[in-house]
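Engineer: My questions all concern the structure below.
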Amino acid sequence: MLCSTPAATSRAGVRVGVAELGRTKLPSCNEALKMGFKLIAKTLVYEYARLGDRPGSDSEWDEGWRIADSELVESAFRGDPERERRFRQFLDARYNGLILIRNGRWLAYGWCSNPRGPGPTHLPRWTGALGGYWIFSCHTQARFRGRGIYKQLLARFTTSLSQDTSSSKIFIDTHAENIPSRRAILASGFRPCGVFSTYRVWAPLAGSRVVGGRWRTEETHPNLITSAADSSVARVSDGMSRRSLTGQVAERISMDDL
Ligand SMILES: CC(C)(COP(=O)(O)OP(=O)(O)OC[C@H]1O[C@@H](n2cnc3c(N)ncnc32)[C@H](O)[C@@H]1OP(=O)(O)O)[C@@H](O)C(=O)NCCC(=O)NCCS
């Protein structure tokens, strides 16, 4: 079953669900070369289908979740200037953030864009005009992984966003190689909704910048490895040796960008 195309949710008349989706004019090859190295990130998109098993309310993490504000960002990420700066920008953009705190330290976090605001930072700007929520930039500290924290984060977001009476859709995307993320997303009631290709250019000093993208809403997702034997392979691939799905272009985008 295909996901419903976001065209239905589009308030800006953006045509989606067809091959060419980007509104941003892509630079020519020469322009891209002048600007720096061109990168393509392919991510699998999921739409929330309200089918998930919600983690019970007796989870050991129930008490620690906080809504991000500037005071919390400052206290939780003191000593981590890169995250603190990034999350201040997220707050300025009016993204919603959830941070799991224990003994004053952060264990996990995740962010979500609003239907009436800019889209997530790792995707082209036009995604903001699609009128949906987009969950992104999620992270669980390595030593706390595999204990259901990410699934709880997703359950908190979907429970709260589902109360939005505008019935805006809820999306999330992740790399094909990110097995823990894909498993948690599927277990949380999301269903596959195509593949996003994001184009970036990278230049020394300037870093990387999103210049456009395309969302093929009908493209199927590669199989998810689920057997115990395969999970050791998954563990290796979770070690972030990543290629784009086509294998054509080296991908250098951090998982944390999503
Ligand atoms: C992806 C990430 C957020 C998952 O966080 P988490 O708190 O460990 O996730 P959960 O425990 O809720 O769920 C993980 C799921 O993957 C499974 N899993 C965990 N580690 C795994 C591994 N190495 N191989 C295969 N499956 C694994 C868990 O069993 C669980 O699946 P299940 O519901 O079928 O049991 C965490 O790995 C992370 O921060 N990674 C780096 C940043 C990142 O990738 N962010 C996500 C971008 S979308």
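Just remember, in the structure tokens the first chain shown is A, the second B, etc., residues are 1-based per chain, and ligands are 1-based in the order shown.
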Could you give me, as CSV, every range 154-235 of chain A residue with an atom at most 9 Å from range 41-44 of chain A, plus its closest atom pair and distance in Å to one decimal, counting only C-alpha atoms, rows ordered by chain then number?
Structural biologist:
residue,atom,partner,partner_atom,distance
A:Ile172,CA,A:Leu44,CA,8.4
A:Asp173,CA,A:Leu44,CA,5.2
A:Thr174,CA,A:Thr43,CA,5.1
A:His175,CA,A:Thr43,CA,4.6
A:Ala176,CA,A:Leu44,CA,6.3
A:Arg182,CA,A:Leu44,CA,8.7
A:Pro192,CA,A:Leu44,CA,7.4
A:Cys193,CA,A:Leu44,CA,7.5
A:Gly194,CA,A:Leu44,CA,6.3
A:Val195,CA,A:Leu44,CA,4.6
A:Phe196,CA,A:Thr43,CA,5.2
A:Ser197,CA,A:Lys42,CA,4.5
A:Thr198,CA,A:Ala41,CA,5.1
A:Tyr199,CA,A:Ala41,CA,6.7
A:Arg200,CA,A:Ala41,CA,8.0
A:Thr220,CA,A:Leu44,CA,8.8
A:His221,CA,A:Leu44,CA,6.6
A:Pro222,CA,A:Leu44,CA,8.9
Engineer: Store the residues picked out above, limited to N, CA and C atoms, as a PDB file, in the first residue's frame.
Structural biologist:
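Once everything was written out, this is out05.pdb:
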ATOM      1  N   ILE A 172       8.790  11.395   8.913  1.00  0.00           N
ATOM      2  CA  ILE A 172      10.138  11.234   9.466  1.00  0.00           C
ATOM      3  C   ILE A 172      10.954  10.563   8.365  1.00  0.00           C
ATOM      4  N   ASP A 173      12.256  10.756   8.348  1.00  0.00           N
ATOM      5  CA  ASP A 173      13.076  10.044   7.367  1.00  0.00           C
ATOM      6  C   ASP A 173      14.371   9.587   8.009  1.00  0.00           C
ATOM      7  N   THR A 174      14.951   8.555   7.411  1.00  0.00           N
ATOM      8  CA  THR A 174      16.200   8.008   7.943  1.00  0.00           C
ATOM      9  C   THR A 174      16.947   7.288   6.831  1.00  0.00           C
ATOM     10  N   HIS A 175      18.215   7.033   7.061  1.00  0.00           N
ATOM     11  CA  HIS A 175      19.012   6.310   6.066  1.00  0.00           C
ATOM     12  C   HIS A 175      18.648   4.823   6.052  1.00  0.00           C
ATOM     13  N   ALA A 176      18.761   4.201   4.873  1.00  0.00           N
ATOM     14  CA  ALA A 176      18.436   2.777   4.746  1.00  0.00           C
ATOM     15  C   ALA A 176      19.300   1.925   5.668  1.00  0.00           C
ATOM     16  N   ARG A 182      15.078   2.559  11.661  1.00  0.00           N
ATOM     17  CA  ARG A 182      13.971   2.034  10.850  1.00  0.00           C
ATOM     18  C   ARG A 182      13.069   1.127  11.671  1.00  0.00           C
ATOM     19  N   PRO A 192       6.014   3.196   5.266  1.00  0.00           N
ATOM     20  CA  PRO A 192       6.890   3.753   4.223  1.00  0.00           C
ATOM     21  C   PRO A 192       6.159   4.725   3.300  1.00  0.00           C
ATOM     22  N   CYS A 193       6.851   5.783   2.945  1.00  0.00           N
ATOM     23  CA  CYS A 193       6.256   6.826   2.098  1.00  0.00           C
ATOM     24  C   CYS A 193       7.311   7.376   1.135  1.00  0.00           C
ATOM     25  N   GLY A 194       7.984   6.466   0.433  1.00  0.00           N
ATOM     26  CA  GLY A 194       8.896   6.900  -0.609  1.00  0.00           C
ATOM     27  C   GLY A 194      10.314   7.193  -0.137  1.00  0.00           C
ATOM     28  N   VAL A 195      11.070   7.732  -1.071  1.00  0.00           N
ATOM     29  CA  VAL A 195      12.500   7.980  -0.844  1.00  0.00           C
ATOM     30  C   VAL A 195      12.826   9.420  -1.219  1.00  0.00           C
ATOM     31  N   PHE A 196      13.561  10.082  -0.359  1.00  0.00           N
ATOM     32  CA  PHE A 196      13.942  11.479  -0.578  1.00  0.00           C
ATOM     33  C   PHE A 196      15.406  11.537  -1.017  1.00  0.00           C
ATOM     34  N   SER A 197      15.687  12.250  -2.089  1.00  0.00           N
ATOM     35  CA  SER A 197      17.077  12.532  -2.468  1.00  0.00           C
ATOM     36  C   SER A 197      17.320  14.002  -2.210  1.00  0.00           C
ATOM     37  N   THR A 198      18.292  14.275  -1.384  1.00  0.00           N
ATOM     38  CA  THR A 198      18.612  15.668  -1.058  1.00  0.00           C
ATOM     39  C   THR A 198      19.958  16.014  -1.675  1.00  0.00           C
ATOM     40  N   TYR A 199      20.001  17.127  -2.382  1.00  0.00           N
ATOM     41  CA  TYR A 199      21.247  17.556  -3.034  1.00  0.00           C
ATOM     42  C   TYR A 199      21.904  18.625  -2.181  1.00  0.00           C
ATOM     43  N   ARG A 200      23.175  18.426  -1.967  1.00  0.00           N
ATOM     44  CA  ARG A 200      23.946  19.397  -1.190  1.00  0.00           C
ATOM     45  C   ARG A 200      25.213  19.743  -1.951  1.00  0.00           C
ATOM     46  N   THR A 220       9.846   2.182  -3.432  1.00  0.00           N
ATOM     47  CA  THR A 220       9.777   1.252  -2.292  1.00  0.00           C
ATOM     48  C   THR A 220      11.070   1.291  -1.482  1.00  0.00           C
ATOM     49  N   HIS A 221      10.964   0.882  -0.250  1.00  0.00           N
ATOM     50  CA  HIS A 221      12.126   0.862   0.631  1.00  0.00           C
ATOM     51  C   HIS A 221      12.859  -0.477   0.505  1.00  0.00           C
ATOM     52  N   PRO A 222      14.175  -0.459   0.634  1.00  0.00           N
ATOM     53  CA  PRO A 222      14.891  -1.744   0.635  1.00  0.00           C
ATOM     54  C   PRO A 222      14.492  -2.564   1.860  1.00  0.00           C
TER      55      PRO A 222
END
Engineer: Please extract the residues of range 53-93 of chain A with a backbone DSSP assignment of alpha helix (DSSP H) and present them as an NGL selection string.
Structural biologist: :A and (70-76 or 81-92)
Engineer: Quote the spacing between atom 6 (P, counted along the ligand's line) of ligand 1 and CA of Arg116 in chain A in Å to one decimal place.
Structural biologist: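 Separation between atom 6 (P, counted along the ligand's line) of ligand 1 and CA of Arg116 in chain A: 28.9 Å.
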Engineer: Neighbours of Arg209 in chain A within 10 Å (only C-alpha atoms; same-chain residues fewer than 6 positions away dropped), as JSON, numbers by chain?
Structural biologist: {"A": [38, 39, 121, 122, 123, 124, 199, 200, 201, 202, 203]}
Engineer: Between A:Leu130, A:Val73, A:Cys112, A:Leu98, which residue has the minimum interatomic distance to Trp215 in chain A, considering only C-alpha atoms?
Structural biologist: A:Leu130
Engineer: If we count only C-alpha atoms, what is near Asp92 in chain A at a cut-off of 12 Å, once residues fewer than 4 positions away on the same chain are taken out, given as a list in words?
Structural biologist: Ala68, Asp69, Ser70, Arg85, Arg86, Phe87, Arg88, Asn96, Gly97, Ser113, Gly117 and Pro118 of chain A
Engineer: Pick from A:Ala93, A:Ile170, A:Ala129, A:Ile67: nearest to Phe190 in chain A, with only C-alpha atoms counted?
Structural biologist: A:Ile170
Engineer: Would you mind writing down, as a list of chain:residue names, each residue of range 174-215 of chain A that DSSP on the backbone assigns to strand (DSSP E)?
Structural biologist: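 Residues of range 174-215 of chain A classed as strand (DSSP E): A:Thr174, A:Phe190, A:Arg191, A:Pro192, A:Cys193, A:Gly194, A:Val195, A:Phe196, A:Ser197, A:Thr198, A:Tyr199, A:Arg200, A:Val201, A:Trp202, A:Ala203, A:Gly207, A:Ser208, A:Arg209, A:Val210, A:Val211, A:Gly212, A:Gly213, A:Arg214, A:Trp215.
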Engineer: Filtering to C-alpha atoms, could you give me those residues as a compact mmCIF listing (two decimals), in the first residue's frame?
Structural biologist:
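File part.txt, as written:
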# COMPACT_ATOMS: atom_id res chain seq x y z
CA THR A 174 16.20 8.01 7.94
CA PHE A 190 4.81 4.82 10.69
CA ARG A 191 4.51 3.38 7.20
CA PRO A 192 6.89 3.75 4.22
CA CYS A 193 6.26 6.83 2.10
CA GLY A 194 8.90 6.90 -0.61
CA VAL A 195 12.50 7.98 -0.84
CA PHE A 196 13.94 11.48 -0.58
CA SER A 197 17.08 12.53 -2.47
CA THR A 198 18.61 15.67 -1.06
CA TYR A 199 21.25 17.56 -3.03
CA ARG A 200 23.95 19.40 -1.19
CA VAL A 201 27.06 21.21 -2.15
CA TRP A 202 30.07 21.27 0.04
CA ALA A 203 32.87 23.78 0.01
CA GLY A 207 30.64 23.47 4.88
CA SER A 208 27.66 21.77 3.27
CA ARG A 209 24.42 23.38 2.17
CA VAL A 210 21.15 21.92 0.89
CA VAL A 211 20.46 23.15 -2.64
CA GLY A 212 17.47 21.06 -3.66
CA GLY A 213 15.91 17.66 -3.63
CA ARG A 214 13.34 15.26 -4.93
CA TRP A 215 10.81 13.07 -3.14
Engineer: Considering only C-alpha atoms, return as a short mmCIF file (atom, residue, chain, number, x, y, z; two decimals) with N, CA and C atoms, in the first residue's frame whatever protein or nucleic-acid residues lie within 10 Å of Ala184 in chain A, sequence-local ones (same chain, fewer than 2 positions apart) excluded.
Structural biologist:
data_model
loop_
_atom_site.label_atom_id
_atom_site.label_comp_id
_atom_site.auth_asym_id
_atom_site.auth_seq_id
_atom_site.Cartn_x
_atom_site.Cartn_y
_atom_site.Cartn_z
N GLY A 146 18.92 0.95 22.54
CA GLY A 146 18.31 -0.37 22.61
C GLY A 146 17.43 -0.57 23.82
N GLY A 148 14.52 1.35 24.23
CA GLY A 148 13.18 1.87 23.93
C GLY A 148 13.03 3.38 24.05
N ILE A 149 14.15 4.09 24.21
CA ILE A 149 14.04 5.55 24.41
C ILE A 149 13.55 6.25 23.15
N TYR A 150 14.09 5.87 22.02
CA TYR A 150 13.68 6.52 20.76
C TYR A 150 12.20 6.25 20.48
N LYS A 151 11.77 5.01 20.75
CA LYS A 151 10.36 4.70 20.53
C LYS A 151 9.48 5.54 21.44
N GLN A 152 9.96 5.78 22.64
CA GLN A 152 9.18 6.64 23.54
C GLN A 152 9.12 8.07 23.03
N LEU A 154 9.25 8.97 19.92
CA LEU A 154 8.31 9.01 18.78
C LEU A 154 6.87 8.93 19.27
N ILE A 179 19.45 0.71 10.78
CA ILE A 179 18.50 -0.35 11.14
C ILE A 179 17.75 -0.02 12.45
N PRO A 180 18.45 0.40 13.51
CA PRO A 180 17.71 0.70 14.75
C PRO A 180 16.64 1.76 14.53
N SER A 181 16.99 2.78 13.75
CA SER A 181 16.03 3.85 13.50
C SER A 181 14.83 3.32 12.72
N ARG A 182 15.08 2.56 11.66
CA ARG A 182 13.97 2.03 10.85
C ARG A 182 13.07 1.13 11.67
N LEU A 186 9.10 1.95 12.39
CA LEU A 186 8.01 1.05 11.99
C LEU A 186 7.21 0.58 13.20
N ALA A 187 7.92 0.32 14.31
CA ALA A 187 7.23 -0.14 15.52
C ALA A 187 6.37 0.97 16.12
N SER A 188 6.60 2.20 15.70
CA SER A 188 5.88 3.33 16.30
C SER A 188 4.69 3.78 15.45
N GLY A 189 4.32 2.96 14.46
CA GLY A 189 3.10 3.27 13.72
C GLY A 189 3.31 4.06 12.44
N PHE A 190 4.55 4.14 11.96
CA PHE A 190 4.81 4.82 10.69
C PHE A 190 4.83 3.78 9.56
#
Engineer: Which distance in Å separates atom 35 (O, counted along the ligand's line) of ligand 1 and CA of Arg66 in chain A, to one decimal?
Structural biologist: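 So the two atoms, atom 35 (O, counted along the ligand's line) of ligand 1 and CA of Arg66 in chain A, lie 24.0 Å apart.
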Engineer: Using only C-alpha atoms, which of A:Trp126, A:Tyr133, A:Trp65, A:Phe144 sits nearest Tyr48 in chain A?
Structural biologist: A:Tyr133
